[in-house]
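Listing of input.cif; format and content: mmCIF, C-alpha atoms.
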data_protein
loop_
_atom_site.group_PDB
_atom_site.id
_atom_site.type_symbol
_atom_site.label_atom_id
_atom_site.label_comp_id
_atom_site.auth_asym_id
_atom_site.auth_seq_id
_atom_site.Cartn_x
_atom_site.Cartn_y
_atom_site.Cartn_z
ATOM 1 C CA MET A 25 50.599 -2.515 -71.747
ATOM 2 C CA ARG A 26 54.218 -2.812 -70.988
ATOM 3 C CA VAL A 27 55.890 -0.001 -69.188
ATOM 4 C CA VAL A 28 59.630 0.304 -69.106
ATOM 5 C CA ILE A 29 61.357 2.988 -67.149
ATOM 6 C CA GLU A 30 64.833 3.691 -68.307
ATOM 7 C CA SER A 31 66.843 5.878 -66.048
ATOM 8 C CA SER A 32 70.231 7.185 -66.923
ATOM 9 C CA GLY A 33 71.103 7.501 -63.250
ATOM 10 C CA PRO A 34 72.048 10.711 -61.519
ATOM 11 C CA ARG A 35 72.906 13.721 -63.602
ATOM 12 C CA LEU A 36 76.638 14.209 -63.654
ATOM 13 C CA VAL A 37 78.246 17.584 -64.249
ATOM 14 C CA LYS A 38 81.692 19.088 -64.443
ATOM 15 C CA SER A 39 83.014 20.998 -61.454
ATOM 16 C CA GLN A 40 82.453 24.372 -63.111
ATOM 17 C CA ASP A 41 78.743 23.548 -63.175
ATOM 18 C CA VAL A 42 78.586 22.956 -59.437
ATOM 19 C CA LEU A 43 77.195 26.118 -57.859
ATOM 20 C CA GLU A 44 78.885 27.900 -54.980
ATOM 21 C CA GLY A 45 78.168 26.212 -51.653
ATOM 22 C CA ARG A 46 76.748 23.056 -53.200
ATOM 23 C CA MET A 47 77.912 19.645 -52.126
ATOM 24 C CA ALA A 48 78.705 17.042 -54.743
ATOM 25 C CA ILE A 49 79.958 13.475 -54.898
ATOM 26 C CA LEU A 50 82.878 12.705 -57.171
ATOM 27 C CA ARG A 51 81.474 9.991 -59.424
ATOM 28 C CA SER A 52 84.047 9.467 -62.100
ATOM 29 C CA VAL A 53 87.584 10.397 -62.988
ATOM 30 C CA ASP A 54 89.341 9.390 -66.157
ATOM 31 C CA GLY A 55 92.994 8.861 -66.277
ATOM 32 C CA THR A 56 94.659 9.381 -62.920
ATOM 33 C CA PRO A 57 94.761 6.550 -60.390
ATOM 34 C CA SER A 58 95.426 8.882 -57.457
ATOM 35 C CA TRP A 59 92.166 10.682 -58.156
ATOM 36 C CA ALA A 60 90.295 7.473 -58.889
ATOM 37 C CA ALA A 61 90.713 6.613 -55.211
ATOM 38 C CA LEU A 62 88.629 9.667 -54.375
ATOM 39 C CA VAL A 63 85.567 8.579 -56.322
ATOM 40 C CA GLY A 64 82.616 8.468 -53.940
ATOM 41 C CA LYS A 65 83.933 11.215 -51.687
ATOM 42 C CA VAL A 66 81.892 14.322 -50.896
ATOM 43 C CA TYR A 67 83.196 17.754 -51.808
ATOM 44 C CA TYR A 68 81.698 21.230 -51.841
ATOM 45 C CA ARG A 69 82.228 24.200 -54.096
ATOM 46 C CA GLU A 70 84.110 27.050 -52.462
ATOM 47 C CA GLY A 71 85.026 29.814 -54.875
ATOM 48 C CA HIS A 72 87.400 28.391 -57.445
ATOM 49 C CA ARG A 73 87.925 25.174 -55.563
ATOM 50 C CA MET A 74 86.199 21.918 -54.830
ATOM 51 C CA VAL A 75 86.948 21.154 -51.182
ATOM 52 C CA ALA A 76 86.598 17.737 -49.597
ATOM 53 C CA VAL A 77 84.335 17.507 -46.587
ATOM 54 C CA PRO A 78 86.745 16.578 -43.799
ATOM 55 C CA GLY A 79 86.667 13.251 -42.013
ATOM 56 C CA GLN A 80 86.545 10.983 -45.070
ATOM 57 C CA GLY A 81 90.068 9.698 -44.665
ATOM 58 C CA ILE A 82 91.394 11.758 -47.555
ATOM 59 C CA THR A 83 95.080 12.478 -47.166
ATOM 60 C CA SER A 84 95.767 13.879 -50.636
ATOM 61 C CA GLY A 85 93.295 15.533 -52.960
ATOM 62 C CA THR A 86 91.597 17.419 -50.133
ATOM 63 C CA HIS A 87 90.794 20.070 -52.686
ATOM 64 C CA CYS A 88 91.192 20.776 -56.366
ATOM 65 C CA ASP A 89 90.730 23.804 -58.547
ATOM 66 C CA VAL A 90 87.495 23.993 -60.466
ATOM 67 C CA GLY A 91 88.048 22.612 -63.940
ATOM 68 C CA SER A 92 91.096 20.696 -62.852
ATOM 69 C CA PRO A 93 92.925 18.436 -62.533
ATOM 70 C CA ALA A 94 93.854 19.432 -66.067
ATOM 71 C CA GLY A 95 93.033 16.818 -68.651
ATOM 72 C CA LEU A 96 90.799 14.868 -66.326
ATOM 73 C CA ASP A 97 87.205 14.396 -67.164
ATOM 74 C CA ALA A 98 85.880 14.387 -63.637
ATOM 75 C CA ARG A 99 82.126 14.194 -63.156
ATOM 76 C CA TRP A 100 80.202 15.208 -60.072
ATOM 77 C CA GLU A 101 76.763 14.360 -58.770
ATOM 78 C CA VAL A 102 75.334 17.407 -57.056
ATOM 79 C CA LEU A 103 73.469 16.586 -53.857
ATOM 80 C CA PRO A 104 69.832 17.674 -53.969
ATOM 81 C CA VAL A 105 68.435 20.342 -51.662
ATOM 82 C CA GLY A 106 67.724 18.860 -48.254
ATOM 83 C CA SER A 107 70.586 16.359 -48.420
ATOM 84 C CA LYS A 108 72.587 16.085 -45.251
ATOM 85 C CA VAL A 109 76.183 15.174 -44.669
ATOM 86 C CA ILE A 110 76.683 14.236 -41.056
ATOM 87 C CA LEU A 111 80.025 14.313 -39.280
ATOM 88 C CA GLU A 112 79.970 12.475 -35.989
ATOM 89 C CA GLN A 113 82.554 12.625 -33.243
ATOM 90 C CA GLU A 114 83.876 9.143 -32.618
ATOM 91 C CA GLN A 115 85.147 7.746 -29.359
ATOM 92 C CA ILE A 116 87.614 10.120 -27.766
ATOM 93 C CA MET B 18 67.753 26.696 3.054
ATOM 94 C CA LYS B 19 67.859 26.258 -0.674
ATOM 95 C CA VAL B 20 70.328 24.281 -2.705
ATOM 96 C CA GLU B 21 70.858 25.570 -6.217
ATOM 97 C CA VAL B 22 71.440 22.957 -8.857
ATOM 98 C CA GLY B 23 72.106 25.455 -11.612
ATOM 99 C CA GLY B 24 75.561 25.612 -13.056
ATOM 100 C CA VAL B 25 76.045 21.885 -12.832
ATOM 101 C CA GLN B 26 78.060 21.252 -15.937
ATOM 102 C CA GLU B 27 81.145 19.521 -17.105
ATOM 103 C CA ALA B 28 83.899 22.097 -17.035
ATOM 104 C CA VAL B 29 84.571 23.139 -20.634
ATOM 105 C CA VAL B 30 88.188 22.691 -21.596
ATOM 106 C CA LEU B 31 89.453 24.995 -24.332
ATOM 107 C CA ARG B 32 92.381 23.914 -26.457
ATOM 108 C CA GLU B 33 94.546 25.354 -29.186
ATOM 109 C CA ALA B 34 94.252 23.824 -32.652
ATOM 110 C CA GLY B 35 97.595 22.071 -32.273
ATOM 111 C CA GLU B 36 96.323 20.239 -29.227
ATOM 112 C CA LEU B 37 93.445 18.666 -31.126
ATOM 113 C CA ARG B 38 94.039 15.349 -32.829
ATOM 114 C CA PRO B 39 93.301 15.012 -36.560
ATOM 115 C CA GLY B 40 89.747 13.925 -37.146
ATOM 116 C CA ARG B 41 88.312 15.713 -34.155
ATOM 117 C CA LEU B 42 85.400 18.132 -34.311
ATOM 118 C CA ALA B 43 85.541 21.365 -32.337
ATOM 119 C CA VAL B 44 83.799 24.703 -31.907
ATOM 120 C CA LEU B 45 85.808 27.922 -31.973
ATOM 121 C CA ARG B 46 85.131 29.716 -28.699
ATOM 122 C CA LYS B 47 87.760 32.467 -28.633
ATOM 123 C CA ALA B 48 89.108 33.809 -31.909
ATOM 124 C CA ASN B 49 92.149 35.854 -32.810
ATOM 125 C CA ASN B 50 91.980 38.586 -35.464
ATOM 126 C CA LEU B 51 92.571 36.200 -38.365
ATOM 127 C CA VAL B 52 89.353 34.329 -37.792
ATOM 128 C CA ALA B 53 87.299 37.030 -36.086
ATOM 129 C CA GLY B 54 83.660 36.361 -36.814
ATOM 130 C CA TYR B 55 84.092 32.610 -36.765
ATOM 131 C CA GLU B 56 83.393 32.159 -33.060
ATOM 132 C CA GLY B 57 80.730 29.521 -32.507
ATOM 133 C CA LYS B 58 81.451 27.836 -35.842
ATOM 134 C CA ALA B 59 82.215 24.156 -36.108
ATOM 135 C CA PHE B 60 85.677 23.098 -37.278
ATOM 136 C CA ALA B 61 87.227 19.777 -38.161
ATOM 137 C CA ARG B 62 90.887 19.172 -37.433
ATOM 138 C CA THR B 63 92.586 17.572 -40.420
ATOM 139 C CA SER B 64 96.192 16.482 -40.553
ATOM 140 C CA GLN B 65 97.512 19.993 -41.134
ATOM 141 C CA THR B 66 94.566 22.362 -41.179
ATOM 142 C CA MET B 67 91.544 23.486 -39.256
ATOM 143 C CA SER B 68 88.599 23.331 -41.614
ATOM 144 C CA CYS B 69 85.566 25.472 -40.844
ATOM 145 C CA LEU B 70 82.554 23.458 -41.870
ATOM 146 C CA GLY B 71 80.282 25.175 -44.332
ATOM 147 C CA ALA B 72 82.163 28.477 -44.326
ATOM 148 C CA GLU B 73 83.157 30.343 -47.464
ATOM 149 C CA THR B 74 86.799 30.643 -46.528
ATOM 150 C CA SER B 75 87.287 27.513 -44.606
ATOM 151 C CA HIS B 76 90.836 26.302 -44.311
ATOM 152 C CA TRP B 77 93.658 27.563 -42.165
ATOM 153 C CA TRP B 78 96.920 25.907 -41.298
ATOM 154 C CA VAL B 79 97.034 24.717 -37.755
ATOM 155 C CA ASN B 80 99.903 27.121 -37.062
ATOM 156 C CA ASP B 81 97.698 30.035 -38.124
ATOM 157 C CA HIS B 82 95.430 29.208 -35.254
ATOM 158 C CA LYS B 83 97.779 30.122 -32.471
ATOM 159 C CA GLY B 84 95.805 32.040 -29.864
ATOM 160 C CA ASN B 85 92.493 30.596 -30.941
ATOM 161 C CA LEU B 86 90.733 28.402 -28.433
ATOM 162 C CA PHE B 87 88.493 25.505 -29.376
ATOM 163 C CA GLU B 88 86.046 23.373 -27.451
ATOM 164 C CA GLU B 89 86.344 19.779 -28.602
ATOM 165 C CA LEU B 90 82.940 18.216 -29.180
ATOM 166 C CA PRO B 91 82.166 15.171 -27.042
ATOM 167 C CA GLU B 92 81.742 11.638 -28.318
ATOM 168 C CA GLY B 93 78.481 11.243 -30.234
ATOM 169 C CA ALA B 94 78.208 14.936 -31.107
ATOM 170 C CA ARG B 95 77.371 15.599 -34.745
ATOM 171 C CA VAL B 96 77.837 18.400 -37.206
ATOM 172 C CA VAL B 97 75.197 18.305 -39.921
ATOM 173 C CA LEU B 98 75.784 20.004 -43.274
ATOM 174 C CA GLU B 99 72.467 20.453 -45.025
ATOM 175 C CA GLN B 100 72.147 21.402 -48.660
ATOM 176 C CA GLN B 101 70.028 24.515 -49.102
ATOM 177 C CA GLY B 102 68.444 25.956 -52.203
ATOM 178 C CA GLU B 103 70.158 27.921 -54.905
ATOM 179 C CA GLY B 104 72.078 30.948 -53.713
ATOM 180 C CA LYS B 105 71.954 29.908 -50.081
ATOM 181 C CA ALA B 106 74.867 28.761 -47.989
ATOM 182 C CA MET B 107 74.956 25.293 -46.508
ATOM 183 C CA LYS B 108 73.140 25.079 -43.208
ATOM 184 C CA VAL B 109 75.433 23.877 -40.456
ATOM 185 C CA THR B 110 74.037 22.622 -37.178
ATOM 186 C CA ILE B 111 75.907 21.279 -34.189
ATOM 187 C CA GLU B 112 74.096 18.523 -32.338
ATOM 188 C CA GLN B 113 75.367 17.801 -28.860
ATOM 189 C CA PRO B 114 74.326 14.628 -27.064
ATOM 190 C CA GLY B 115 72.623 15.022 -23.725
ATOM 191 C CA PRO B 116 74.438 14.033 -20.555
ATOM 192 C CA LYS B 117 75.182 10.386 -19.989
ATOM 193 C CA LEU B 118 72.768 8.976 -17.473
ATOM 194 C CA VAL B 119 73.351 6.144 -15.049
ATOM 195 C CA ASN B 120 70.708 4.233 -13.218
ATOM 196 C CA GLY B 121 70.657 4.656 -9.446
ATOM 197 C CA GLU B 122 71.745 1.052 -9.039
ATOM 198 C CA LYS B 123 75.017 1.882 -10.743
ATOM 199 C CA LEU B 124 75.770 4.979 -8.725
ATOM 200 C CA LEU B 125 78.898 4.201 -6.734
ATOM 201 C CA ASP B 126 79.470 4.790 -3.075
ATOM 202 C CA GLY B 127 80.528 8.409 -2.557
ATOM 203 C CA GLN B 128 79.301 9.695 -5.908
ATOM 204 C CA TRP B 129 77.160 12.807 -6.265
ATOM 205 C CA ALA B 130 74.622 13.175 -9.043
ATOM 206 C CA VAL B 131 71.596 15.089 -10.295
ATOM 207 C CA CYS B 132 68.399 13.166 -10.871
ATOM 208 C CA ARG B 133 67.463 13.542 -14.541
ATOM 209 C CA LYS B 134 64.767 10.891 -14.903
ATOM 210 C CA VAL B 135 62.200 9.450 -12.529
ATOM 211 C CA ARG B 136 60.388 6.280 -13.440
ATOM 212 C CA GLU B 137 56.733 7.003 -14.266
ATOM 213 C CA THR B 138 55.485 4.651 -11.579
ATOM 214 C CA SER B 139 57.578 6.283 -8.869
ATOM 215 C CA SER B 140 55.917 8.102 -6.000
ATOM 216 C CA TYR B 141 58.717 10.638 -5.993
ATOM 217 C CA PRO B 142 58.434 12.768 -9.162
ATOM 218 C CA GLN B 143 59.578 15.726 -7.070
ATOM 219 C CA CYS B 144 63.080 14.244 -7.037
ATOM 220 C CA LEU B 145 63.615 15.287 -10.636
ATOM 221 C CA GLY B 146 66.437 17.806 -10.788
ATOM 222 C CA LYS B 147 67.488 17.215 -7.206
ATOM 223 C CA ILE B 148 70.974 16.380 -6.030
ATOM 224 C CA PHE B 149 71.657 12.967 -4.554
ATOM 225 C CA HIS B 150 74.615 11.202 -3.115
ATOM 226 C CA ARG B 151 75.265 7.556 -2.516
ATOM 227 C CA ILE B 152 76.475 6.441 0.890
ATOM 228 C CA TYR B 153 76.910 2.704 1.298
ATOM 229 C CA GLU B 154 73.485 1.158 0.708
ATOM 230 C CA GLN B 155 71.592 4.426 0.755
ATOM 231 C CA LEU B 156 70.739 6.954 -1.891
ATOM 232 C CA ILE B 157 70.227 10.278 -0.163
ATOM 233 C CA CYS B 158 68.495 13.303 -1.625
ATOM 234 C CA LEU B 159 70.573 16.195 -0.347
ATOM 235 C CA ASP B 160 69.058 17.802 2.701
ATOM 236 C CA GLY B 161 67.484 21.231 2.252
ATOM 237 C CA GLN B 162 66.147 20.913 -1.267
ATOM 238 C CA ASP B 163 62.502 21.735 -1.705
ATOM 239 C CA CYS B 164 61.017 18.565 -3.042
ATOM 240 C CA GLY B 165 57.831 20.274 -4.101
ATOM 241 C CA ASP B 166 55.702 19.156 -1.194
ATOM 242 C CA GLY B 167 57.133 21.584 1.327
ATOM 243 C CA ARG B 168 59.338 18.863 2.655
ATOM 244 C CA THR B 169 62.926 19.797 3.143
ATOM 245 C CA ARG B 170 64.158 16.836 5.131
ATOM 246 C CA SER B 171 66.331 14.323 3.374
ATOM 247 C CA LEU B 172 64.671 11.633 1.366
ATOM 248 C CA VAL B 173 66.560 8.396 1.806
ATOM 249 C CA PHE B 174 66.157 5.432 -0.495
ATOM 250 C CA GLY B 175 67.293 1.891 0.047
ATOM 251 C CA PRO B 176 68.441 -0.484 -2.686
ATOM 252 C CA SER B 177 64.885 -1.406 -3.622
ATOM 253 C CA GLY B 178 64.252 2.161 -4.704
ATOM 254 C CA PHE B 179 67.475 2.760 -6.584
ATOM 255 C CA ASN B 180 66.246 1.896 -10.029
ATOM 256 C CA GLN B 181 63.420 4.441 -10.004
ATOM 257 C CA PHE B 182 65.971 7.148 -10.830
ATOM 258 C CA ASP B 183 68.502 7.937 -13.537
ATOM 259 C CA PHE B 184 71.304 10.342 -12.756
ATOM 260 C CA GLU B 185 73.785 12.679 -14.356
ATOM 261 C CA LEU B 186 77.022 12.395 -12.431
ATOM 262 C CA LEU B 187 78.510 15.604 -11.086
ATOM 263 C CA SER B 188 82.024 16.109 -12.319
ATOM 264 C CA PRO B 189 84.810 16.538 -9.779
ATOM 265 C CA GLY B 190 85.148 20.159 -8.729
ATOM 266 C CA THR B 191 81.485 21.020 -9.176
ATOM 267 C CA GLU B 192 80.429 23.523 -6.548
ATOM 268 C CA LEU B 193 77.034 23.421 -4.907
ATOM 269 C CA LYS B 194 75.569 26.699 -3.803
ATOM 270 C CA VAL B 195 73.502 26.729 -0.637
ATOM 271 C CA VAL B 196 71.300 29.767 -0.093
ATOM 272 C CA LEU B 197 70.001 30.299 3.417
#
As a first step, turn the structure in this file into structure tokens.
Amino acid sequence: MRVVIESSGPRLVKSQDVLEGRMAILRSVDGTPSWAALVGKVYYREGHRMVAVPGQGITSGTHCDVGSPAGLDARWEVLPVGSKVILEQEQI
Amino acid sequence: MKVEVGGVQEAVVLREAGELRPGRLAVLRKANNLVAGYEGKAFARTSQTMSCLGAETSHWWVNDHKGNLFEELPEGARVVLEQQGEGKAMKVTIEQPGPKLVNGEKLLDGQWAVCRKVRETSSYPQCLGKIFHRIYEQLICLDGQDCGDGRTRSLVFGPSGFNQFDFELLSPGTELKVVL
């Protein structure tokens, strides 16, 4: 018997499908180079915004409105329950 | 005579948001009306804002924080954001590192310190929590402390005994309380 497991990878959703308080990784952005640089960064849903977790070196795009940027087909990978994002104080 | 070790802590310095450098983590200790209810919460200083980690309304301009006082977290401290189940807010925990310990061999002449670890093979487990000071080639357990065996005279250790202990240094200005 031959068994092949085909996985499509993590489920990606639009920002409006990220529930309040959930953290998500920006996985893909079509069209805008400035946002493409933010792929891989962690955000969380806060009301009508996706807000970047601080400390990731993001100087622009620290937040965006849900459903925007207009015309972009951004996709997010929602972190599963129990996931941890750790911010550590570096040398002072 | 009794020497109280309690209250031996690094003095906590509180700063305004504008005094924190971008990228630093801090805990709000004294809040003004704008952020009442956020005392004890962890914040991250970004270039222009103070961002409350895991809070529903989380961003304020640094200038909005005038009058608020923050305690900057020390090196190695961590803020952990943990994803909870549906309908629950993120769990935010602040993990502070324990005090830095130095081995007795590295205690410098004139320094005062609290013993935080005693080597298992040591004959002096009672020294745990006691205050020591280093004078030249001697490590002296401060006179008057009850070392658990009814002995209140100073215990004095020479260099061969230094490495049985690890110490937390007392910060300058620490007051020792002696109760007669």
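Using all atoms listed in the file, the protein and nucleic acid residues lying at most 10 Å from the point (81.4, 16.4, -39.1) are Val77, Pro78, Gly79, Gln80, Val109, Ile110, Leu111, Glu112 and Gln113 of chain A; Gly40, Arg41, Leu42, Ala43, Ala59, Phe60, Ala61, Leu70, Ala94, Arg95, Val96, Val97, Leu98, Val109, Thr110 and Ile111 of chain B.
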Can you pull out every residue within 12 Å of A:Ala61, counting all atoms listed in the file, but drop anything in the same chain fewer than 6 positions away, and send it as a ChimeraX atom specification? /A:50-55,80-86
Which value, in Å to one decimal, gives the distance between atom CA of B:Ala48 and atom CA of B:Val79? 13.4 Å
Resolved residues for the PyMOL selection byres ((chain A and resi 43) around 10) as a list in words: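 Answer for the PyMOL selection byres ((chain A and resi 43) around 10): Ser39, Gln40, Asp41, Val42, Glu44, Gly45, Arg46, Met47, Ala48, Tyr68, Arg69, Glu70, Gly71 and Val102 of chain A; Glu103 and Gly104 of chain B.
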Report, in Å to a single decimal, how far apart atom CA of B:Ile148 and atom CA of B:Glu192 are. 11.9 Å
Pick out the closest residue to A:Lys108 from this set: B:Gly57, B:Lys108, B:Arg46, B:Glu33. Count all atoms listed in the file.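 Looking at the shortest contact to A:Lys108, the residue is B:Lys108.
Nearest residue to chain A among B:His82, B:His150, B:Arg62, B:Arg136 is B:Arg62, counting all atoms listed in the file.
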Considering all atoms listed in the file, return as a PDB file with C-alpha atoms, keeping the file's coordinate frame whatever protein or nucleic-acid residues lie within 9 Å of A:Gln115, sequence-local ones (same chain, fewer than 6 positions apart) excluded.
ATOM      1  CA  PRO B  91      82.166  15.171 -27.042  1.00  0.00           C
ATOM      2  CA  GLU B  92      81.742  11.638 -28.318  1.00  0.00           C
ATOM      3  CA  GLY B  93      78.481  11.243 -30.234  1.00  0.00           C
TER       4      GLY B  93
END
So, counting all atoms listed in the file, which residue among B:Gly175, B:Gly102, B:Gly71, B:Gly84 is closest to B:Ala34?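 Of all the options, B:Gly84 lies closest to B:Ala34.
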Work out how far apart atom CA of A:Val28 and atom CA of A:Glu101 are and give it in Å to one decimal.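 Computed distance, atom CA of A:Val28 to atom CA of A:Glu101, equals 24.5 Å.
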Identify which of the residues B:Gly178, B:Pro114, B:Gly121, B:Gly127 lies closest to chain A, counting only C-alpha atoms when measuring atom-to-atom distances. B:Pro114
Name the residues that the PyMOL selection byres ((chain B and resi 185) around 6) pulls out of this structure, and write them as a list in words. Leu118, Ala130, Val131, Phe184 and Leu186 of chain B
For the residues in that selection, give me C-alpha atoms as an mmCIF file, keeping the file's coordinate frame.
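Saved file again14.cif follows:
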data_model
loop_
_atom_site.group_PDB
_atom_site.id
_atom_site.type_symbol
_atom_site.label_atom_id
_atom_site.label_comp_id
_atom_site.auth_asym_id
_atom_site.auth_seq_id
_atom_site.Cartn_x
_atom_site.Cartn_y
_atom_site.Cartn_z
ATOM 1 C CA LEU B 118 72.768 8.976 -17.473
ATOM 2 C CA ALA B 130 74.622 13.175 -9.043
ATOM 3 C CA VAL B 131 71.596 15.089 -10.295
ATOM 4 C CA PHE B 184 71.304 10.342 -12.756
ATOM 5 C CA LEU B 186 77.022 12.395 -12.431
#
In terms of the shortest atom-to-atom distance over all atoms listed in the file, which of A:Val63, A:Ile49, A:Val27, A:Val37 is closest to A:Leu103?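 Closest to A:Leu103, using all atoms listed in the file: A:Ile49.
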Expanded to explicit residues, what is the PyMOL selection byres ((chain B and resi 49) around 10) for this file, as a PDB file with C-alpha atoms, in the coordinates of the input?
ATOM      1  CA  LYS B  47      87.760  32.467 -28.633  1.00  0.00           C
ATOM      2  CA  ALA B  48      89.108  33.809 -31.909  1.00  0.00           C
ATOM      3  CA  ASN B  50      91.980  38.586 -35.464  1.00  0.00           C
ATOM      4  CA  LEU B  51      92.571  36.200 -38.365  1.00  0.00           C
ATOM      5  CA  VAL B  52      89.353  34.329 -37.792  1.00  0.00           C
ATOM      6  CA  ALA B  53      87.299  37.030 -36.086  1.00  0.00           C
ATOM      7  CA  GLY B  54      83.660  36.361 -36.814  1.00  0.00           C
ATOM      8  CA  TYR B  55      84.092  32.610 -36.765  1.00  0.00           C
ATOM      9  CA  GLU B  56      83.393  32.159 -33.060  1.00  0.00           C
ATOM     10  CA  ASP B  81      97.698  30.035 -38.124  1.00  0.00           C
ATOM     11  CA  HIS B  82      95.430  29.208 -35.254  1.00  0.00           C
ATOM     12  CA  LYS B  83      97.779  30.122 -32.471  1.00  0.00           C
ATOM     13  CA  GLY B  84      95.805  32.040 -29.864  1.00  0.00           C
ATOM     14  CA  ASN B  85      92.493  30.596 -30.941  1.00  0.00           C
ATOM     15  CA  LEU B  86      90.733  28.402 -28.433  1.00  0.00           C
TER      16      LEU B  86
END
Slice of the block: stretch 60-97 of chain A, C-alpha atoms, as a PDB file, in the first residue's frame:
ATOM      1  CA  ALA A  60       5.293  42.563   1.093  1.00  0.00           C
ATOM      2  CA  ALA A  61       8.091  43.452   3.506  1.00  0.00           C
ATOM      3  CA  LEU A  62       5.715  42.700   6.363  1.00  0.00           C
ATOM      4  CA  VAL A  63       5.041  39.111   5.357  1.00  0.00           C
ATOM      5  CA  GLY A  64       5.970  36.862   8.269  1.00  0.00           C
ATOM      6  CA  LYS A  65       5.173  39.447  10.923  1.00  0.00           C
ATOM      7  CA  VAL A  66       2.736  38.741  13.753  1.00  0.00           C
ATOM      8  CA  TYR A  67      -0.366  40.861  14.182  1.00  0.00           C
ATOM      9  CA  TYR A  68      -3.472  40.601  16.330  1.00  0.00           C
ATOM     10  CA  ARG A  69      -7.062  41.574  15.729  1.00  0.00           C
ATOM     11  CA  GLU A  70      -8.192  44.580  17.733  1.00  0.00           C
ATOM     12  CA  GLY A  71     -11.637  45.808  16.772  1.00  0.00           C
ATOM     13  CA  HIS A  72     -11.506  46.987  13.185  1.00  0.00           C
ATOM     14  CA  ARG A  73      -7.750  46.828  12.995  1.00  0.00           C
ATOM     15  CA  MET A  74      -4.958  44.336  12.655  1.00  0.00           C
ATOM     16  CA  VAL A  75      -2.202  45.555  14.972  1.00  0.00           C
ATOM     17  CA  ALA A  76       1.413  44.462  14.757  1.00  0.00           C
ATOM     18  CA  VAL A  77       2.895  42.943  17.876  1.00  0.00           C
ATOM     19  CA  PRO A  78       5.580  45.456  18.835  1.00  0.00           C
ATOM     20  CA  GLY A  79       9.275  44.685  18.728  1.00  0.00           C
ATOM     21  CA  GLN A  80       9.429  43.186  15.230  1.00  0.00           C
ATOM     22  CA  GLY A  81      11.272  46.103  13.705  1.00  0.00           C
ATOM     23  CA  ILE A  82       8.206  47.379  11.880  1.00  0.00           C
ATOM     24  CA  THR A  83       8.424  51.092  11.234  1.00  0.00           C
ATOM     25  CA  SER A  84       5.476  51.441   8.855  1.00  0.00           C
ATOM     26  CA  GLY A  85       2.443  49.204   8.635  1.00  0.00           C
ATOM     27  CA  THR A  86       2.183  48.853  12.409  1.00  0.00           C
ATOM     28  CA  HIS A  87      -1.523  48.429  11.888  1.00  0.00           C
ATOM     29  CA  CYS A  88      -4.066  48.241   9.112  1.00  0.00           C
ATOM     30  CA  ASP A  89      -7.822  48.334   8.949  1.00  0.00           C
ATOM     31  CA  VAL A  90      -9.554  45.005   8.632  1.00  0.00           C
ATOM     32  CA  GLY A  91     -10.248  44.327   4.979  1.00  0.00           C
ATOM     33  CA  SER A  92      -7.589  46.746   3.874  1.00  0.00           C
ATOM     34  CA  PRO A  93      -5.268  47.767   2.415  1.00  0.00           C
ATOM     35  CA  ALA A  94      -7.881  48.195  -0.292  1.00  0.00           C
ATOM     36  CA  GLY A  95      -7.296  46.039  -3.325  1.00  0.00           C
ATOM     37  CA  LEU A  96      -4.778  43.844  -1.584  1.00  0.00           C
ATOM     38  CA  ASP A  97      -5.432  40.199  -1.215  1.00  0.00           C
TER      39      ASP A  97
END
